[in-house]
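Below: input.cif (mmCIF, C-alpha atoms)
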data_run
loop_
_atom_site.label_atom_id
_atom_site.label_comp_id
_atom_site.auth_asym_id
_atom_site.auth_seq_id
_atom_site.Cartn_x
_atom_site.Cartn_y
_atom_site.Cartn_z
CA GLY E 24 0.00 0.00 0.00
CA GLN E 25 0.91 3.65 -0.16
CA GLN E 26 3.46 4.89 2.31
CA LEU E 27 4.94 8.20 3.16
CA ASN E 28 8.68 8.74 2.74
CA GLN E 29 10.09 9.57 6.14
CA SER E 30 13.67 10.53 6.90
CA PRO E 31 16.02 9.97 8.47
CA GLN E 32 15.39 6.33 9.30
CA SER E 33 17.41 6.62 12.49
CA MET E 34 19.15 9.28 14.54
CA PHE E 35 21.78 9.06 17.25
CA ILE E 36 22.14 12.28 19.19
CA GLN E 37 23.41 13.67 22.45
CA GLU E 38 21.01 14.68 25.18
CA GLY E 39 20.13 18.33 24.84
CA GLU E 40 20.48 18.44 21.06
CA ASP E 41 17.66 19.44 18.76
CA VAL E 42 16.11 16.90 16.39
CA SER E 43 14.48 17.33 13.02
CA MET E 44 12.72 14.76 10.87
CA ASN E 45 10.47 15.03 7.84
CA CYS E 46 7.95 13.28 5.68
CA THR E 47 7.10 13.64 2.02
CA SER E 48 4.41 12.19 -0.16
CA SER E 49 3.54 12.13 -3.82
CA SER E 50 -0.10 12.58 -2.81
CA ILE E 51 -1.85 15.44 -1.09
CA PHE E 52 -3.12 14.91 2.43
CA ASN E 53 -5.54 17.25 4.18
CA THR E 54 -4.39 16.22 7.63
CA TRP E 55 -0.92 15.27 8.80
CA LEU E 56 -0.23 13.62 12.14
CA TRP E 57 2.88 12.81 14.11
CA TYR E 58 2.98 9.82 16.49
CA LYS E 59 5.54 8.40 18.91
CA GLN E 60 5.80 4.68 19.57
CA ASP E 61 7.67 3.24 22.53
CA PRO E 62 8.94 -0.36 22.31
CA GLY E 63 6.14 -2.88 22.62
CA GLU E 64 3.44 -0.20 22.72
CA GLY E 65 0.94 1.35 20.35
CA PRO E 66 1.51 4.79 18.82
CA VAL E 67 0.56 7.91 20.75
CA LEU E 68 -0.53 11.07 18.95
CA LEU E 69 1.85 14.02 19.41
CA ILE E 70 0.65 16.68 17.00
CA ALA E 71 -2.10 17.01 14.41
CA LEU E 72 -1.91 19.47 11.50
CA TYR E 73 -5.00 20.52 9.58
CA LYS E 74 -4.07 23.44 7.33
CA ALA E 75 -1.38 23.89 4.71
CA GLY E 76 1.37 26.07 6.13
CA GLU E 77 0.22 25.49 9.71
CA LEU E 78 2.91 25.51 12.38
CA THR E 79 1.90 23.87 15.65
CA SER E 80 3.76 23.35 18.90
CA ASN E 81 3.29 20.92 21.77
CA GLY E 82 5.84 21.67 24.46
CA ARG E 83 9.28 21.03 22.99
CA LEU E 84 7.76 19.64 19.80
CA THR E 85 7.01 21.74 16.75
CA ALA E 86 5.51 20.47 13.51
CA GLN E 87 4.64 22.14 10.23
CA PHE E 88 2.26 21.20 7.48
CA GLY E 89 3.85 21.98 4.11
CA ILE E 90 2.29 24.51 1.78
CA THR E 91 1.92 21.92 -0.97
CA ARG E 92 0.19 19.55 1.51
CA LYS E 93 2.69 16.89 0.44
CA ASP E 94 5.15 17.22 3.27
CA SER E 95 5.60 17.87 6.97
CA PHE E 96 8.41 18.14 9.45
CA LEU E 97 8.73 17.56 13.19
CA ASN E 98 11.30 19.26 15.39
CA ILE E 99 12.16 18.33 18.95
CA SER E 100 14.15 20.89 20.90
CA ALA E 101 16.52 20.17 23.79
CA SER E 102 16.08 16.41 23.66
CA ILE E 103 15.80 14.42 26.88
CA PRO E 104 16.14 10.67 27.51
CA SER E 105 12.38 10.04 27.44
CA ASP E 106 12.27 11.28 23.83
CA VAL E 107 13.79 7.96 22.80
CA GLY E 108 11.45 5.97 20.59
CA ILE E 109 10.16 5.68 17.06
CA TYR E 110 8.42 8.65 15.50
CA PHE E 111 5.92 8.15 12.71
CA CYS E 112 4.29 10.65 10.43
CA ALA E 113 0.85 9.77 9.08
CA GLY E 114 -1.43 11.25 6.49
CA LEU E 115 -5.17 11.05 6.75
CA GLN E 116 -6.63 9.57 3.57
CA GLY E 117 -10.32 10.12 3.16
CA ALA E 118 -12.34 10.34 6.35
CA GLN E 119 -10.41 7.97 8.58
CA LYS E 120 -7.72 5.91 6.87
CA LEU E 121 -4.19 6.60 8.09
CA VAL E 122 -1.15 6.07 5.91
CA PHE E 123 2.07 5.85 7.91
CA GLY E 124 5.66 6.74 7.16
CA GLN E 125 8.44 4.24 7.74
CA GLY E 126 9.39 5.78 11.06
CA THR E 127 12.42 7.54 12.53
CA ARG E 128 14.16 5.69 15.35
CA LEU E 129 15.62 8.17 17.83
CA THR E 130 18.42 7.15 20.17
CA ILE E 131 19.81 9.58 22.74
CA ASN E 132 23.19 9.32 24.39
CA PRO E 133 23.13 10.78 27.89
CA GLY U 4 -10.07 9.32 28.55
CA ALA U 5 -9.99 7.54 25.16
CA VAL U 6 -8.32 4.37 26.35
CA VAL U 7 -8.08 1.29 24.16
CA SER U 8 -6.99 -2.05 25.54
CA GLN U 9 -5.89 -5.24 23.85
CA HIS U 10 -5.84 -8.78 25.11
CA PRO U 11 -3.66 -10.70 25.24
CA SER U 12 -0.54 -8.54 25.18
CA TRP U 13 1.41 -11.47 23.83
CA VAL U 14 0.61 -14.96 22.67
CA ILE U 15 2.55 -17.95 21.42
CA CYS U 16 0.73 -20.56 19.40
CA LYS U 17 1.56 -23.57 17.33
CA SER U 18 1.42 -23.57 13.56
CA GLY U 19 -2.03 -24.53 12.31
CA THR U 20 -3.95 -23.31 15.33
CA SER U 21 -6.13 -20.21 15.57
CA VAL U 22 -5.72 -17.33 17.95
CA LYS U 23 -8.14 -14.55 18.89
CA ILE U 24 -7.10 -11.02 19.83
CA GLU U 25 -9.53 -8.64 21.54
CA CYS U 26 -9.63 -4.88 21.24
CA ARG U 27 -11.77 -2.86 23.64
CA SER U 28 -12.56 0.81 23.96
CA LEU U 29 -12.81 1.38 27.69
CA ASP U 30 -14.37 4.81 28.02
CA PHE U 31 -15.96 5.65 24.71
CA GLN U 32 -18.08 4.08 22.04
CA ALA U 33 -16.00 3.01 19.07
CA THR U 34 -18.08 3.09 15.95
CA THR U 35 -15.03 2.24 13.89
CA MET U 36 -12.09 0.03 14.76
CA PHE U 37 -8.94 -0.57 12.76
CA TRP U 38 -6.50 -3.45 12.77
CA TYR U 39 -2.84 -2.94 11.89
CA ARG U 40 0.10 -5.28 11.55
CA GLN U 41 3.66 -4.20 12.26
CA PHE U 42 6.67 -6.34 11.45
CA PRO U 43 9.96 -5.69 13.32
CA LYS U 44 11.50 -2.34 12.50
CA GLN U 45 8.75 -1.58 10.03
CA SER U 46 5.80 0.73 9.88
CA LEU U 47 2.17 0.05 10.71
CA MET U 48 0.20 -1.41 7.82
CA LEU U 49 -3.57 -1.22 7.90
CA MET U 50 -5.17 -4.64 7.56
CA ALA U 51 -8.85 -3.84 7.84
CA THR U 52 -11.44 -1.34 8.98
CA SER U 53 -14.55 -2.45 10.81
CA ASN U 54 -17.70 -0.57 11.65
CA GLU U 55 -19.93 -1.81 14.43
CA GLY U 56 -22.51 -4.25 13.12
CA SER U 57 -21.06 -4.36 9.61
CA LYS U 58 -18.63 -6.57 7.77
CA ALA U 59 -15.03 -5.45 7.87
CA THR U 60 -13.37 -3.83 4.88
CA TYR U 61 -10.04 -5.45 4.16
CA GLU U 62 -7.04 -3.80 2.55
CA GLN U 63 -5.70 -5.19 -0.67
CA GLY U 64 -3.63 -8.29 -0.12
CA VAL U 65 -5.12 -9.16 3.29
CA GLU U 66 -6.93 -12.49 3.29
CA LYS U 67 -10.33 -12.03 4.88
CA ASP U 68 -10.78 -15.76 5.42
CA LYS U 69 -7.52 -15.92 7.34
CA PHE U 70 -7.95 -12.79 9.42
CA LEU U 71 -11.51 -12.87 10.73
CA ILE U 72 -12.74 -9.61 12.22
CA ASN U 73 -15.85 -9.21 14.31
CA HIS U 74 -17.11 -5.88 15.61
CA ALA U 75 -20.29 -6.91 17.34
CA SER U 76 -20.52 -4.10 19.87
CA LEU U 77 -19.48 -0.48 20.23
CA THR U 78 -16.71 -1.40 22.64
CA LEU U 79 -15.30 -4.66 21.32
CA SER U 80 -13.69 -5.89 18.14
CA THR U 81 -11.89 -9.19 17.72
CA LEU U 82 -9.30 -10.37 15.25
CA THR U 83 -8.95 -14.12 14.79
CA VAL U 84 -5.90 -15.40 12.98
CA THR U 85 -6.97 -18.76 11.58
CA SER U 86 -4.57 -21.59 10.81
CA ALA U 87 -1.64 -19.45 11.90
CA HIS U 88 1.77 -19.94 10.33
CA PRO U 89 5.18 -18.62 11.37
CA GLU U 90 4.96 -15.84 8.77
CA ASP U 91 1.91 -14.52 10.65
CA SER U 92 4.15 -13.74 13.61
CA SER U 93 3.93 -10.00 14.07
CA PHE U 94 2.80 -7.16 16.32
CA TYR U 95 -0.93 -6.59 15.87
CA ILE U 96 -2.26 -3.19 16.92
CA CYS U 97 -5.87 -2.05 16.99
CA SER U 98 -7.21 1.47 17.08
CA ALA U 99 -10.65 2.89 17.63
CA SER U 100 -12.48 6.09 16.78
CA GLU U 101 -15.78 7.66 17.72
CA VAL U 102 -18.50 8.58 15.26
CA GLY U 103 -17.64 11.65 13.23
CA ILE U 104 -14.16 11.94 14.73
CA TYR U 105 -11.13 11.12 12.60
CA GLU U 106 -8.72 10.64 15.51
CA GLN U 107 -7.77 7.06 16.21
CA TYR U 108 -6.81 5.92 19.69
CA PHE U 109 -4.37 3.05 19.59
CA GLY U 110 -4.21 -0.01 21.78
CA PRO U 111 -0.93 -1.26 23.27
CA GLY U 112 -0.59 -4.05 20.71
CA THR U 113 -0.44 -7.84 20.81
CA ARG U 114 2.73 -9.71 19.94
CA LEU U 115 1.91 -12.98 18.17
CA THR U 116 4.56 -15.65 17.80
CA VAL U 117 3.71 -18.75 15.80
CA THR U 118 6.03 -21.68 16.31
#
Starting from the file, give its structure as structure tokens.
Amino acid sequence: GQQLNQSPQSMFIQEGEDVSMNCTSSSIFNTWLWYKQDPGEGPVLLIALYKAGELTSNGRLTAQFGITRKDSFLNISASIPSDVGIYFCAGLQGAQKLVFGQGTRLTINP
Amino acid sequence: GAVVSQHPSWVICKSGTSVKIECRSLDFQATTMFWYRQFPKQSLMLMATSNEGSKATYEQGVEKDKFLINHASLTLSTLTVTSAHPEDSSFYICSASEVGIYEQYFGPGTRLTVT
């Protein structure tokens, strides 16, 4: 099935560093979502974006919905150990179907 | 609020047997439930969408006779993997949404290992 292109696939950073990851698609999505998944758990919604160009923050997280509606990025500032996990972007297709990116695995060295 | 549970959290079964996974919405009525499969180090792939009281809609390439989905109430959906084989070993995650709301609330997942 269709997937979003998410990069990078993995990141190894030092605690306190900022993180940036992005997603692109050949298709337009009207809603972009960013999730975090801890090992052995289901994804948890971090940020939802509804309008092209929208910039939304949630604490140390900031996400933007691209103007073309074909891309989005997520930034995490001043990373802390609990930020470790896998981050997924997702586009909402139709009324309810989610299409997920391949994920970005974040590892933080204390 | 918006809690989704899954049972069991992990299961090991022998090849050829069937296994049932439950997905429950604990504090809301889930008119729609979704079943995903996630292989190690891969993304979530939607298997099927089920609306309460209706037959599930399966994604292309997902065998409906192998993965039986029942959504008989507004708080419970079940996925039965019939005649399981080792290649069915995976992490199965359900999600649920309320009527008219796009947001999906995910369960904690069920790890299935078929030996």
Closest of E:Leu27, E:Ala118, E:Leu78, E:Ile70 to chain U - atom-to-atom distances counting all atoms listed in the file:
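Using all atoms listed in the file, the shortest distance to chain U belongs to E:Ala118.
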Pull out every residue of chain U sitting within 8 Å of chain E, counting all atoms listed in the file, and send them as a list in words.
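Applying the cut-off to the listed atoms yields Gln45, Ser46, Leu47, Met48, Leu49, Gln63, Ile96, Tyr105, Glu106, Tyr108, Phe109, Gly110, Pro111 and Gly112 of chain U.
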State, in Å with one decimal place, the distance from atom CA of U:Glu62 to atom CA of E:Phe88.
27.1 Å
Applied to this file, what does the PyMOL selection byres ((chain U and resi 86) around 6) return in terms of residues, put as a PyMOL selection string?
chain U and resi 19-21+85+87
Dump of C-alpha atoms for the selected residues, as a compact mmCIF listing (two decimals), in the coordinates of the input:
# COMPACT_ATOMS: atom_id res chain seq x y z
CA GLY U 19 -2.03 -24.53 12.31
CA THR U 20 -3.95 -23.31 15.33
CA SER U 21 -6.13 -20.21 15.57
CA THR U 85 -6.97 -18.76 11.58
CA ALA U 87 -1.64 -19.45 11.90
Atom CA of E:Gly82 and atom CA of E:Asn132, how far apart in Å?
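Atom CA of E:Gly82 lies at a distance of 21.3 Å from atom CA of E:Asn132.
For the pair atom CA of U:Val6 and atom CA of U:Leu79, the separation is 12.5 Å.
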Which residues are close to U:Gly56, i.e. within 9 Å by only C-alpha atoms, leaving aside same-chain residues fewer than 6 positions away? Reply as a ChimeraX atom specification.
/U:73-77
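The residues returned by the PyMOL selection byres ((chain U and resi 13) around 12) on the shown structure are Gly63 and Glu64 of chain E; Gln9, His10, Pro11, Ser12, Val14, Ile15, Cys16, Val22, Lys23, Ile24, Glu25, Ser92, Ser93, Phe94, Tyr95, Ile96, Pro111, Gly112, Thr113, Arg114, Leu115, Thr116 and Val117 of chain U.
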Care to translate the PyMOL selection byres ((chain E and resi 131) around 10) into actual residues of this file, as number ranges by chain?
E: 34-40, 102-108, 129-130, 132-133
Using only C-alpha atoms, which protein or nucleic acid residues come within 6 Å of U:Ser53? Drop anything in the same chain fewer than 3 positions from it, and give the result as an MDAnalysis selection string.
chainID U and resid 35:36 59
Please identify all polymer residues within 12 Å of U:Phe31, counting all atoms listed in the file, omitting same-chain residues fewer than 3 positions from it, and present them as number ranges by chain.
U: 4-8, 27-28, 34-35, 76-79, 99-102, 104, 107-108
Best match for closeness to E:Arg83 among E:Val42, E:Ala101, E:Lys59, E:Leu69, counting only C-alpha atoms:
E:Ala101
